[in-house]
Amino acid sequence: MSKRPFLIPFLVPAILVAVIFLAALAEILQYSFREFIPGSLDVGGFTLDNFARIYRPVYFKAVVNTFVLSLATAFFTLILSYPIAFALVRTKVEWVRTLLILLSITPLFTGEIVRTYAWMLVLGTNGFLNTMLLDIGIISEPVTFMYTRAGVVIALVQFAMPVMIIILATAISHINTDYEKAAANLGARPWTVITRVVIPLTMPGIISGFIVIFAWTMSAFATPQLIGGGKVLMISNAIYLQGFSALNFPFAATLSVIALISAFASLALMKLIANRLERQTAIH
Amino acid sequence: MKRIWGVLGAMVLALASTAASAQEKLVVSIWGGNWKEGAGIIAKEFTKRTGMEVEFITGGTLDRLAKAKVAKDSPESDVVFTTSQVGFLYQADGLFEKLDKAKIANYAGLVSAADRGDYEVGVYSYVYSPVYRADLMPKDFKLTSWNDLWSPEVAGKLSLPDFDPSHIIIASAVLSGGTAANWEVGIPLLEKLKPGVKAFYQSDATSQDLLKTGETPVQVMLSINAYHLIQNGVPVTIAIPKEGAVVGIDVLGINAGTKKLDKAQEFINVALDPEIQRQLCNFHKCSPMHKDAKIDAELAKLPGIFTTPEQWSTQAIITPDEIRAKLLPTWKAWFTENMMQ
């Protein structure tokens with residue numbers, strides 16, 4: 001007896017969601033080719049003008065910003081998360097593990113807005129970071145962290161770290177520690193063990209974590225909106241400004257289509273690089 | 001099996017009772033926070049007079065408009081609180097009922113600024129004006145003209161709203177001898193202002209935060225928000241420039257297709273009642289629209305509170321809603337493309 005009839009009901013919710021999602025995408029696509037009528041919520045006839053407008057510096061810069069900030073966020077998140085994930089998996093002291101879990105994973109349960117507001121208090125001209133640096137004499141004038149790309153990346157990295165730690169910790173926990181012991185027995189120093197054995201073995205986790213955080217950051221909205229203060233525009237902020245501020249839904253739809261294409265293209269490129277990297281670092 | 005039917009029966013009854021209670025309430029669409037709290041003054045009196053409860057549904061100005069557009073013939077609310085220029089968009093898209101002014105007894109006593117056409121009526125006004133933290137500015141710093149925003153003392157300390165740049169655009173046009181309609185005359189001034197802008201804010205909350213933390217000690221700000229900060233102990237000074245402050249008017253309109261038309265008109269009538277106007281303006285620190293509203297003497301002295309025809313003519317820059325609604329997308333696009341990057 002075929003198993004197919006049994007499985008079909010389980011597919012229904014997924015199909016339903018996919019159909020609704022595709023219908024929404026189709027609606028966005030058709031809006032992107034429609035003319036905007038100022039002073040009205042209705043849209044006009046077919047036009048390609050919205051796509052021509054993308055080349056204006058501000059929107060082009062938003063697309064580039066999105067790519068660069070996503071890349072930077074994924075990179076720094078990886079660098080900062082790896083040692084924590086490693087310590088989390090390898091520590092034998094229970095309270096250290098509990099503390100690391102508390103410090104690294106708990107932020108996941110606070111909302112993006114709450115965390116971003118906290119960062120505004122930390123990064124502000126009179127915020128915690130500037131006050132501390134001034135007090136210990138490292139700087140003589142407050143440094144501008146807010147409304148800069150660096151400020152946005154700092155907040156995004158902290159936002160992304162719990163997810164990266166979970167992914168990396170899973171990858172590290174699957175490594176057989178005998179490989180590390182064998183390398184050490186053959187004279188490899190700890191740093192060599194990590195760079196030549198542990199990191200290559202966790203490459204699939206590193207790659208998936210990097211791609212997940214990159215894709216996640218591509219759609220970041222609240223953090224660049226609040227920390228960027230309109231000076232650092234990512235594509236989602238540009239879409240919001242057009243759709244919900246200027247009420248230019250056709251152009252907002254065009255930007256959404258561009259965002260989607262950019263995301264898919266970036267991920268495809270990244271996957272290509274990742275596959276090559278994975279092949280190169282594989283241990284035979 | 002019996003248990004399942006019992007549970008289903010209870011669910012149906014619960015849903016039915018929810019639907020019934022929604023039927024008995026007047027649903028008012030409004031912003032959240034202290035805006036909703038202020039509208040509670042109207043709701044309380046309305047319920048007292050009619051026996052009907054008021055339910056508020058909240059959201060931002062433009063997402064509520066977008067939702068109303070989607071709902072169109074089956075509106076989620078009966079009455080909408082919004083800004084006058086966005087009210088124009090509601091009526092342009094057929095989302096507002098024509099007001100039966102004869103049924104709104106208090107309409108007769110309104111100041112002329114309250115008359116926003118046949119589909120919406122002004123409830124109170126406020127200004128968008130330069131405000132600053134005197135404690136974070138040079139000792140003798142004063143703002144007496146919009147021109148002062150271009151001064152070296154303000155450079156790098158200013159924040160502006162990104163969701164509605166109309167105020168600075170209108171002010172620049174006025175400074176350049178124009179009006180909102182020929183706003184392009186102010187472009188050279190705006191371009192000169194660009195390097196001095198430190199941040200753009202996206203909401204009332206971020207606007208207040210920027211001043212409260214001192215991140216941007218000068219801001220073009222909604223007077224109601226400035227008074228809210230002052231009430232909370234933040235030393236903010238509100239300046240009314242000699243060219244006037246840009247007036248904003250919050251309006252009430254009735255959703256097209258409402259099944260509670262009479263009650264909706266009564267809600268508007270209550271909102272325009274002189275005593276309710278007094279309470280509303282004491283609460284928000286705004287200007288009343290009814291001539292007979294006797295606001296507190298202390299409130300009447302505050303900058304941006306207009307109670308006399310002379311104040312309206314000398315301190316207020318009023319732009320027709322149609323011009324503002326039709327030009328806002330152009331302003332917004334220009335502002336994003338030329339000022340924000």
# chains A, B, ... in the order shown; residues from 1 in each chain; ligands from 1
$ interface_residues --of "chain A" --to "chain B" --cutoff "9 Å" --atoms "only C-alpha atoms" --output "count of residues only"
35
$ atom_distance --atom1 "atom CA of Asn275 of chain A" --atom2 "atom CA of Ile207 of chain A"
8.9 Å
$ select_by_dssp --residues "segment 5-210 of chain A" --states "helix (DSSP H, G or I)" --output "compact mmCIF listing (two decimals) with N, CA and C atoms, in the first residue's frame"
# COMPACT_ATOMS: atom_id res chain seq x y z
N PRO A 5 -0.97 8.73 0.35
CA PRO A 5 -2.21 9.33 0.87
C PRO A 5 -2.09 9.74 2.33
N PHE A 6 -1.25 9.03 3.06
CA PHE A 6 -1.06 9.34 4.47
C PHE A 6 -0.30 10.67 4.66
N LEU A 7 0.64 10.89 3.74
CA LEU A 7 1.49 12.09 3.86
C LEU A 7 0.82 13.37 3.37
N ILE A 8 -0.09 13.21 2.43
CA ILE A 8 -0.69 14.41 1.81
C ILE A 8 -1.28 15.41 2.81
N PRO A 9 -2.07 14.97 3.81
CA PRO A 9 -2.63 15.96 4.76
C PRO A 9 -1.56 16.77 5.48
N PHE A 10 -0.39 16.14 5.69
CA PHE A 10 0.68 16.86 6.37
C PHE A 10 1.27 17.98 5.50
N LEU A 11 1.11 17.82 4.20
CA LEU A 11 1.67 18.83 3.29
C LEU A 11 0.75 20.03 3.13
N VAL A 12 -0.53 19.83 3.47
CA VAL A 12 -1.52 20.90 3.22
C VAL A 12 -1.13 22.24 3.83
N PRO A 13 -0.76 22.29 5.12
CA PRO A 13 -0.41 23.62 5.69
C PRO A 13 0.74 24.28 4.94
N ALA A 14 1.76 23.46 4.60
CA ALA A 14 2.92 24.02 3.90
C ALA A 14 2.51 24.56 2.53
N ILE A 15 1.66 23.79 1.84
CA ILE A 15 1.22 24.23 0.51
C ILE A 15 0.42 25.53 0.62
N LEU A 16 -0.44 25.57 1.63
CA LEU A 16 -1.29 26.75 1.85
C LEU A 16 -0.43 28.00 2.08
N VAL A 17 0.57 27.85 2.97
CA VAL A 17 1.47 28.97 3.26
C VAL A 17 2.23 29.40 2.00
N ALA A 18 2.70 28.37 1.25
CA ALA A 18 3.46 28.66 0.03
C ALA A 18 2.60 29.41 -0.98
N VAL A 19 1.34 28.99 -1.11
CA VAL A 19 0.43 29.64 -2.08
C VAL A 19 0.20 31.10 -1.67
N ILE A 20 -0.06 31.32 -0.37
CA ILE A 20 -0.30 32.69 0.11
C ILE A 20 0.95 33.54 -0.11
N PHE A 21 2.10 32.95 0.20
CA PHE A 21 3.37 33.66 0.05
C PHE A 21 3.62 34.02 -1.42
N LEU A 22 3.36 33.07 -2.30
CA LEU A 22 3.57 33.33 -3.73
C LEU A 22 2.59 34.38 -4.25
N ALA A 23 1.35 34.32 -3.73
CA ALA A 23 0.34 35.31 -4.16
C ALA A 23 0.79 36.72 -3.74
N ALA A 24 1.32 36.81 -2.51
CA ALA A 24 1.81 38.12 -2.03
C ALA A 24 2.98 38.59 -2.87
N LEU A 25 3.87 37.67 -3.21
CA LEU A 25 5.02 38.03 -4.05
C LEU A 25 4.56 38.50 -5.44
N ALA A 26 3.56 37.81 -5.97
CA ALA A 26 3.04 38.19 -7.29
C ALA A 26 2.44 39.59 -7.23
N GLU A 27 1.76 39.88 -6.12
CA GLU A 27 1.15 41.21 -5.94
C GLU A 27 2.25 42.29 -5.86
N ILE A 28 3.30 41.99 -5.12
CA ILE A 28 4.42 42.94 -5.02
C ILE A 28 5.04 43.16 -6.39
N LEU A 29 5.19 42.06 -7.13
CA LEU A 29 5.80 42.15 -8.46
C LEU A 29 4.96 43.03 -9.38
N GLN A 30 3.65 42.83 -9.36
CA GLN A 30 2.81 43.65 -10.26
C GLN A 30 2.78 45.11 -9.82
N TYR A 31 2.85 45.34 -8.52
CA TYR A 31 2.90 46.73 -8.00
C TYR A 31 4.17 47.44 -8.46
N SER A 32 5.27 46.66 -8.56
CA SER A 32 6.55 47.28 -8.90
C SER A 32 6.56 47.84 -10.32
N ASP A 49 9.54 53.08 -14.95
CA ASP A 49 10.24 54.19 -14.28
C ASP A 49 10.77 53.81 -12.90
N ASN A 50 10.01 52.99 -12.18
CA ASN A 50 10.42 52.63 -10.82
C ASN A 50 11.78 51.94 -10.83
N PHE A 51 12.00 51.10 -11.82
CA PHE A 51 13.28 50.37 -11.90
C PHE A 51 14.41 51.31 -12.32
N ALA A 52 14.08 52.31 -13.15
CA ALA A 52 15.10 53.27 -13.57
C ALA A 52 15.56 54.09 -12.37
N ARG A 53 14.64 54.32 -11.43
CA ARG A 53 14.94 55.16 -10.26
C ARG A 53 15.93 54.51 -9.30
N PRO A 57 21.68 57.54 -6.52
CA PRO A 57 22.71 57.15 -5.53
C PRO A 57 22.16 56.61 -4.21
N VAL A 58 21.12 57.23 -3.67
CA VAL A 58 20.65 56.84 -2.33
C VAL A 58 20.17 55.39 -2.30
N TYR A 59 19.47 54.96 -3.34
CA TYR A 59 18.93 53.59 -3.34
C TYR A 59 20.03 52.58 -3.67
N PHE A 60 20.90 52.96 -4.60
CA PHE A 60 22.01 52.10 -4.95
C PHE A 60 22.89 51.88 -3.72
N LYS A 61 23.11 53.00 -2.99
CA LYS A 61 23.92 52.93 -1.77
C LYS A 61 23.26 52.04 -0.72
N ALA A 62 21.92 52.09 -0.66
CA ALA A 62 21.20 51.25 0.31
C ALA A 62 21.42 49.78 0.01
N VAL A 63 21.42 49.43 -1.29
CA VAL A 63 21.64 48.03 -1.68
C VAL A 63 23.08 47.62 -1.31
N VAL A 64 24.03 48.49 -1.64
CA VAL A 64 25.45 48.20 -1.33
C VAL A 64 25.65 48.11 0.18
N ASN A 65 25.07 49.08 0.90
CA ASN A 65 25.14 49.09 2.37
C ASN A 65 24.64 47.78 2.94
N THR A 66 23.51 47.31 2.42
CA THR A 66 22.89 46.09 2.92
C THR A 66 23.86 44.91 2.76
N PHE A 67 24.47 44.83 1.59
CA PHE A 67 25.41 43.73 1.32
C PHE A 67 26.63 43.82 2.24
N VAL A 68 27.21 45.02 2.31
CA VAL A 68 28.45 45.21 3.09
C VAL A 68 28.19 44.98 4.58
N LEU A 69 27.10 45.56 5.09
CA LEU A 69 26.81 45.42 6.52
C LEU A 69 26.47 43.97 6.87
N SER A 70 25.78 43.27 5.96
CA SER A 70 25.44 41.87 6.22
C SER A 70 26.71 41.03 6.27
N LEU A 71 27.61 41.33 5.34
CA LEU A 71 28.88 40.60 5.29
C LEU A 71 29.69 40.86 6.56
N ALA A 72 29.80 42.14 6.93
CA ALA A 72 30.57 42.52 8.12
C ALA A 72 29.95 41.90 9.37
N THR A 73 28.61 41.93 9.46
CA THR A 73 27.94 41.37 10.64
C THR A 73 28.20 39.87 10.74
N ALA A 74 28.06 39.18 9.60
CA ALA A 74 28.28 37.72 9.61
C ALA A 74 29.73 37.41 10.02
N PHE A 75 30.67 38.18 9.49
CA PHE A 75 32.09 37.94 9.78
C PHE A 75 32.40 38.15 11.28
N PHE A 76 32.02 39.32 11.79
CA PHE A 76 32.35 39.62 13.20
C PHE A 76 31.57 38.73 14.16
N THR A 77 30.36 38.36 13.78
CA THR A 77 29.58 37.46 14.62
C THR A 77 30.30 36.12 14.72
N LEU A 78 30.83 35.66 13.59
CA LEU A 78 31.54 34.38 13.57
C LEU A 78 32.79 34.45 14.46
N ILE A 79 33.56 35.52 14.28
CA ILE A 79 34.81 35.67 15.03
C ILE A 79 34.55 35.69 16.54
N LEU A 80 33.51 36.41 16.94
CA LEU A 80 33.23 36.54 18.38
C LEU A 80 32.51 35.32 18.95
N SER A 81 31.75 34.65 18.11
CA SER A 81 30.94 33.53 18.62
C SER A 81 31.74 32.23 18.75
N TYR A 82 32.72 32.06 17.86
CA TYR A 82 33.43 30.77 17.85
C TYR A 82 34.07 30.41 19.20
N PRO A 83 34.85 31.34 19.79
CA PRO A 83 35.47 30.97 21.09
C PRO A 83 34.42 30.67 22.16
N ILE A 84 33.32 31.40 22.13
CA ILE A 84 32.27 31.16 23.14
C ILE A 84 31.65 29.78 22.93
N ALA A 85 31.35 29.48 21.66
CA ALA A 85 30.74 28.18 21.36
C ALA A 85 31.71 27.05 21.74
N PHE A 86 32.98 27.25 21.47
CA PHE A 86 34.00 26.24 21.79
C PHE A 86 34.06 26.00 23.30
N ALA A 87 34.12 27.12 24.03
CA ALA A 87 34.17 27.01 25.50
C ALA A 87 32.90 26.37 26.06
N LEU A 88 31.79 26.71 25.47
CA LEU A 88 30.49 26.19 25.90
C LEU A 88 30.45 24.66 25.78
N VAL A 89 30.99 24.15 24.67
CA VAL A 89 30.94 22.71 24.42
C VAL A 89 32.02 21.98 25.23
N ARG A 90 33.20 22.59 25.32
CA ARG A 90 34.33 21.84 25.89
C ARG A 90 34.55 22.03 27.38
N GLU A 94 30.49 22.77 35.27
CA GLU A 94 29.06 22.97 35.02
C GLU A 94 28.63 24.43 35.13
N TRP A 95 29.15 25.13 36.19
CA TRP A 95 28.68 26.51 36.38
C TRP A 95 29.17 27.45 35.28
N VAL A 96 30.35 27.11 34.73
CA VAL A 96 30.87 27.92 33.61
C VAL A 96 29.95 27.75 32.40
N ARG A 97 29.54 26.48 32.16
CA ARG A 97 28.65 26.22 31.03
C ARG A 97 27.31 26.96 31.22
N THR A 98 26.79 26.89 32.44
CA THR A 98 25.51 27.55 32.73
C THR A 98 25.64 29.06 32.51
N LEU A 99 26.77 29.60 33.01
CA LEU A 99 27.00 31.04 32.87
C LEU A 99 27.09 31.43 31.39
N LEU A 100 27.83 30.62 30.63
CA LEU A 100 27.98 30.93 29.20
C LEU A 100 26.63 30.85 28.47
N ILE A 101 25.84 29.85 28.84
CA ILE A 101 24.51 29.73 28.21
C ILE A 101 23.68 30.96 28.56
N LEU A 102 23.73 31.32 29.84
CA LEU A 102 22.94 32.49 30.28
C LEU A 102 23.35 33.76 29.54
N LEU A 103 24.68 33.97 29.46
CA LEU A 103 25.17 35.20 28.84
C LEU A 103 24.97 35.23 27.33
N SER A 104 25.11 34.07 26.71
CA SER A 104 25.08 34.10 25.25
C SER A 104 23.72 33.82 24.65
N ILE A 105 22.94 32.99 25.29
CA ILE A 105 21.67 32.59 24.67
C ILE A 105 20.49 33.44 25.15
N THR A 106 20.53 33.88 26.42
CA THR A 106 19.37 34.60 26.95
C THR A 106 18.98 35.83 26.12
N PRO A 107 19.95 36.59 25.56
CA PRO A 107 19.53 37.75 24.78
C PRO A 107 18.56 37.41 23.64
N LEU A 108 18.58 36.13 23.25
CA LEU A 108 17.68 35.70 22.18
C LEU A 108 16.21 35.90 22.58
N PHE A 109 15.97 35.87 23.88
CA PHE A 109 14.58 35.93 24.34
C PHE A 109 14.12 37.37 24.61
N GLU A 112 14.04 42.54 19.57
CA GLU A 112 15.01 43.34 18.82
C GLU A 112 14.97 44.80 19.25
N ILE A 113 13.76 45.31 19.47
CA ILE A 113 13.61 46.73 19.82
C ILE A 113 14.26 46.99 21.19
N VAL A 114 13.99 46.10 22.14
CA VAL A 114 14.53 46.28 23.49
C VAL A 114 16.05 46.31 23.44
N ARG A 115 16.62 45.36 22.71
CA ARG A 115 18.07 45.27 22.62
C ARG A 115 18.64 46.49 21.89
N THR A 116 17.93 46.94 20.86
CA THR A 116 18.44 48.09 20.11
C THR A 116 18.40 49.35 20.98
N TYR A 117 17.33 49.50 21.75
CA TYR A 117 17.25 50.66 22.66
C TYR A 117 18.39 50.61 23.68
N ALA A 118 18.69 49.40 24.15
CA ALA A 118 19.80 49.26 25.10
C ALA A 118 21.10 49.72 24.44
N TRP A 119 21.29 49.34 23.18
CA TRP A 119 22.51 49.75 22.47
C TRP A 119 22.55 51.26 22.25
N MET A 120 21.38 51.87 22.08
CA MET A 120 21.35 53.33 21.93
C MET A 120 21.88 54.00 23.20
N LEU A 121 21.54 53.40 24.34
CA LEU A 121 22.02 53.95 25.61
C LEU A 121 23.52 53.72 25.78
N VAL A 122 24.00 52.62 25.24
CA VAL A 122 25.43 52.30 25.37
C VAL A 122 26.27 53.14 24.41
N LEU A 123 25.79 53.28 23.17
CA LEU A 123 26.62 53.90 22.12
C LEU A 123 26.47 55.41 21.99
N PHE A 128 27.06 54.87 27.87
CA PHE A 128 27.95 54.11 28.75
C PHE A 128 29.37 54.01 28.18
N LEU A 129 29.47 53.65 26.90
CA LEU A 129 30.78 53.41 26.30
C LEU A 129 31.64 54.68 26.28
N ASN A 130 31.05 55.79 25.81
CA ASN A 130 31.80 57.04 25.76
C ASN A 130 32.19 57.52 27.16
N THR A 131 31.25 57.40 28.10
CA THR A 131 31.52 57.84 29.47
C THR A 131 32.69 57.04 30.05
N MET A 132 32.66 55.72 29.80
CA MET A 132 33.72 54.86 30.34
C MET A 132 35.07 55.21 29.71
N LEU A 133 35.08 55.35 28.38
CA LEU A 133 36.33 55.66 27.68
C LEU A 133 36.88 57.03 28.10
N LEU A 134 35.97 57.98 28.33
CA LEU A 134 36.39 59.31 28.79
C LEU A 134 36.97 59.23 30.19
N ASP A 135 36.26 58.47 31.06
CA ASP A 135 36.68 58.37 32.47
C ASP A 135 38.05 57.73 32.62
N ARG A 149 27.94 53.29 10.40
CA ARG A 149 27.90 51.88 10.03
C ARG A 149 28.47 51.01 11.15
N ALA A 150 29.54 51.51 11.79
CA ALA A 150 30.17 50.73 12.86
C ALA A 150 29.16 50.48 13.99
N GLY A 151 28.41 51.51 14.36
CA GLY A 151 27.41 51.37 15.42
C GLY A 151 26.36 50.35 15.05
N VAL A 152 25.92 50.40 13.79
CA VAL A 152 24.88 49.46 13.34
C VAL A 152 25.43 48.03 13.38
N VAL A 153 26.69 47.86 12.93
CA VAL A 153 27.27 46.51 12.91
C VAL A 153 27.43 45.97 14.34
N ILE A 154 27.87 46.84 15.27
CA ILE A 154 28.04 46.39 16.67
C ILE A 154 26.71 45.83 17.20
N ALA A 155 25.64 46.59 16.99
CA ALA A 155 24.33 46.15 17.51
C ALA A 155 23.85 44.89 16.79
N LEU A 156 24.06 44.83 15.48
CA LEU A 156 23.62 43.66 14.72
C LEU A 156 24.40 42.41 15.13
N VAL A 157 25.69 42.58 15.41
CA VAL A 157 26.52 41.42 15.81
C VAL A 157 25.99 40.85 17.12
N GLN A 158 25.71 41.74 18.07
CA GLN A 158 25.22 41.26 19.36
C GLN A 158 23.87 40.57 19.19
N PHE A 159 23.07 41.10 18.27
CA PHE A 159 21.74 40.53 18.02
C PHE A 159 21.87 39.13 17.41
N ALA A 160 22.91 38.96 16.56
CA ALA A 160 23.03 37.70 15.82
C ALA A 160 23.81 36.62 16.57
N MET A 161 24.59 37.06 17.59
CA MET A 161 25.48 36.10 18.25
C MET A 161 24.80 34.85 18.83
N PRO A 162 23.66 34.98 19.52
CA PRO A 162 23.06 33.75 20.08
C PRO A 162 22.80 32.68 19.02
N VAL A 163 22.32 33.09 17.87
CA VAL A 163 22.01 32.11 16.82
C VAL A 163 23.30 31.46 16.31
N MET A 164 24.31 32.29 16.10
CA MET A 164 25.59 31.76 15.63
C MET A 164 26.19 30.80 16.66
N ILE A 165 26.10 31.17 17.93
CA ILE A 165 26.65 30.29 18.98
C ILE A 165 25.96 28.93 18.97
N ILE A 166 24.64 28.95 18.81
CA ILE A 166 23.89 27.68 18.79
C ILE A 166 24.37 26.81 17.61
N ILE A 167 24.49 27.43 16.44
CA ILE A 167 24.90 26.67 15.24
C ILE A 167 26.32 26.13 15.42
N LEU A 168 27.22 26.98 15.90
CA LEU A 168 28.62 26.55 16.04
C LEU A 168 28.77 25.50 17.15
N ALA A 169 28.05 25.70 18.24
CA ALA A 169 28.14 24.75 19.35
C ALA A 169 27.68 23.36 18.89
N THR A 170 26.64 23.33 18.07
CA THR A 170 26.16 22.05 17.54
C THR A 170 27.26 21.40 16.69
N ALA A 171 27.88 22.21 15.84
CA ALA A 171 28.95 21.67 14.97
C ALA A 171 30.14 21.17 15.80
N ILE A 172 30.53 21.95 16.79
CA ILE A 172 31.71 21.58 17.60
C ILE A 172 31.44 20.31 18.42
N SER A 173 30.20 20.19 18.91
CA SER A 173 29.87 19.04 19.75
C SER A 173 29.89 17.72 18.95
N THR A 177 36.59 14.02 19.83
CA THR A 177 37.77 14.63 20.46
C THR A 177 39.06 13.79 20.28
N ASP A 178 38.90 12.56 19.83
CA ASP A 178 40.08 11.71 19.57
C ASP A 178 40.99 12.33 18.51
N TYR A 179 40.38 13.02 17.54
CA TYR A 179 41.19 13.67 16.50
C TYR A 179 42.13 14.70 17.13
N GLU A 180 41.57 15.47 18.06
CA GLU A 180 42.38 16.52 18.72
C GLU A 180 43.48 15.88 19.56
N LYS A 181 43.11 14.78 20.27
CA LYS A 181 44.11 14.10 21.11
C LYS A 181 45.22 13.53 20.23
N ALA A 182 44.83 12.95 19.11
CA ALA A 182 45.81 12.36 18.19
C ALA A 182 46.76 13.44 17.68
N ALA A 183 46.21 14.58 17.30
CA ALA A 183 47.05 15.68 16.80
C ALA A 183 48.02 16.15 17.88
N ALA A 184 47.51 16.23 19.12
CA ALA A 184 48.35 16.69 20.23
C ALA A 184 49.45 15.67 20.50
N ASN A 185 49.10 14.37 20.44
CA ASN A 185 50.08 13.32 20.66
C ASN A 185 51.18 13.34 19.61
N PRO A 190 48.41 23.53 20.88
CA PRO A 190 46.96 23.78 20.95
C PRO A 190 46.44 24.64 19.80
N TRP A 191 47.17 25.70 19.46
CA TRP A 191 46.70 26.60 18.40
C TRP A 191 46.64 25.85 17.05
N THR A 192 47.65 24.98 16.83
CA THR A 192 47.68 24.19 15.59
C THR A 192 46.50 23.21 15.57
N VAL A 193 46.22 22.62 16.73
CA VAL A 193 45.07 21.69 16.80
C VAL A 193 43.79 22.42 16.40
N ILE A 194 43.66 23.62 16.92
CA ILE A 194 42.42 24.37 16.62
C ILE A 194 42.36 24.75 15.14
N THR A 195 43.48 25.29 14.62
CA THR A 195 43.42 25.79 13.24
C THR A 195 43.46 24.68 12.20
N ARG A 196 44.16 23.56 12.53
CA ARG A 196 44.33 22.51 11.51
C ARG A 196 43.35 21.35 11.68
N VAL A 197 42.75 21.23 12.85
CA VAL A 197 41.84 20.09 13.07
C VAL A 197 40.41 20.56 13.37
N VAL A 198 40.31 21.38 14.44
CA VAL A 198 38.95 21.74 14.89
C VAL A 198 38.22 22.61 13.85
N ILE A 199 38.87 23.66 13.43
CA ILE A 199 38.19 24.57 12.49
C ILE A 199 37.81 23.86 11.17
N PRO A 200 38.73 23.12 10.56
CA PRO A 200 38.32 22.41 9.33
C PRO A 200 37.15 21.45 9.56
N LEU A 201 37.16 20.78 10.72
CA LEU A 201 36.06 19.84 10.98
C LEU A 201 34.72 20.54 11.22
N MET A 203 33.90 23.27 9.65
CA MET A 203 33.64 24.15 8.51
C MET A 203 32.17 24.15 8.04
N PRO A 204 31.51 22.98 8.01
CA PRO A 204 30.09 23.01 7.61
C PRO A 204 29.25 23.92 8.53
N GLY A 205 29.54 23.85 9.85
CA GLY A 205 28.82 24.70 10.81
C GLY A 205 29.16 26.17 10.61
N ILE A 206 30.44 26.44 10.37
CA ILE A 206 30.89 27.82 10.14
C ILE A 206 30.17 28.40 8.92
N ILE A 207 30.14 27.59 7.86
CA ILE A 207 29.52 28.07 6.62
C ILE A 207 28.02 28.28 6.80
N SER A 208 27.36 27.31 7.43
CA SER A 208 25.90 27.51 7.57
C SER A 208 25.61 28.68 8.51
N GLY A 209 26.39 28.82 9.58
CA GLY A 209 26.19 29.96 10.48
C GLY A 209 26.38 31.29 9.76
N PHE A 210 27.44 31.35 8.98
CA PHE A 210 27.75 32.57 8.23
C PHE A 210 26.59 32.91 7.28
$ atom_distance --atom1 "atom CA of Thr83 of chain B" --atom2 "atom CA of Val251 of chain B"
5.7 Å
$ residues_around --residues "Thr47 of chain A" --least-positions-apart "4" --cutoff "7 Å" --atoms "only C-alpha atoms" --output "compact mmCIF listing (two decimals) with N, CA and C atoms, in the first residue's frame"
# COMPACT_ATOMS: atom_id res chain seq x y z
N PHE A 33 5.62 47.40 -11.14
CA PHE A 33 5.55 47.91 -12.52
C PHE A 33 4.42 48.92 -12.69
N ARG A 34 3.87 49.42 -11.60
CA ARG A 34 2.74 50.34 -11.70
C ARG A 34 3.18 51.77 -11.39
N GLU A 35 2.42 52.69 -11.94
CA GLU A 35 2.74 54.11 -11.79
C GLU A 35 2.21 54.63 -10.45
$ closest_residue --among "B:Tyr128, B:Leu95, B:Gln315, B:Asn147" --to "Val70 of chain B" --atoms "only C-alpha atoms"
B:Leu95
$ atom_distance --atom1 "atom CA of Glu266 of chain B" --atom2 "atom CA of Lys67 of chain B"
24.3 Å
$ closest_residue --among "B:Thr237, B:Glu243, B:Leu158, B:Pro217" --to "Gly177 of chain B" --atoms "only C-alpha atoms"
B:Glu243
$ select_by_dssp --residues "segment 26-254 of chain A" --states "strand (DSSP E)" --output "PyMOL selection string"
chain A and resi 34-36+43-46
$ closest_residue --among "B:Thr258, B:Ser151, B:Ser223, B:Gln277" --to "Tyr126 of chain B" --atoms "only C-alpha atoms"
B:Ser223
$ residues_around --residues "segment 167-169 of chain B" --least-positions-apart "2" --cutoff "9 Å" --atoms "only C-alpha atoms" --output "ChimeraX atom specification"
/B:128-129,146,160-161,164-165,171-174,180,183-184,186-187,190,220,245-247,331,335
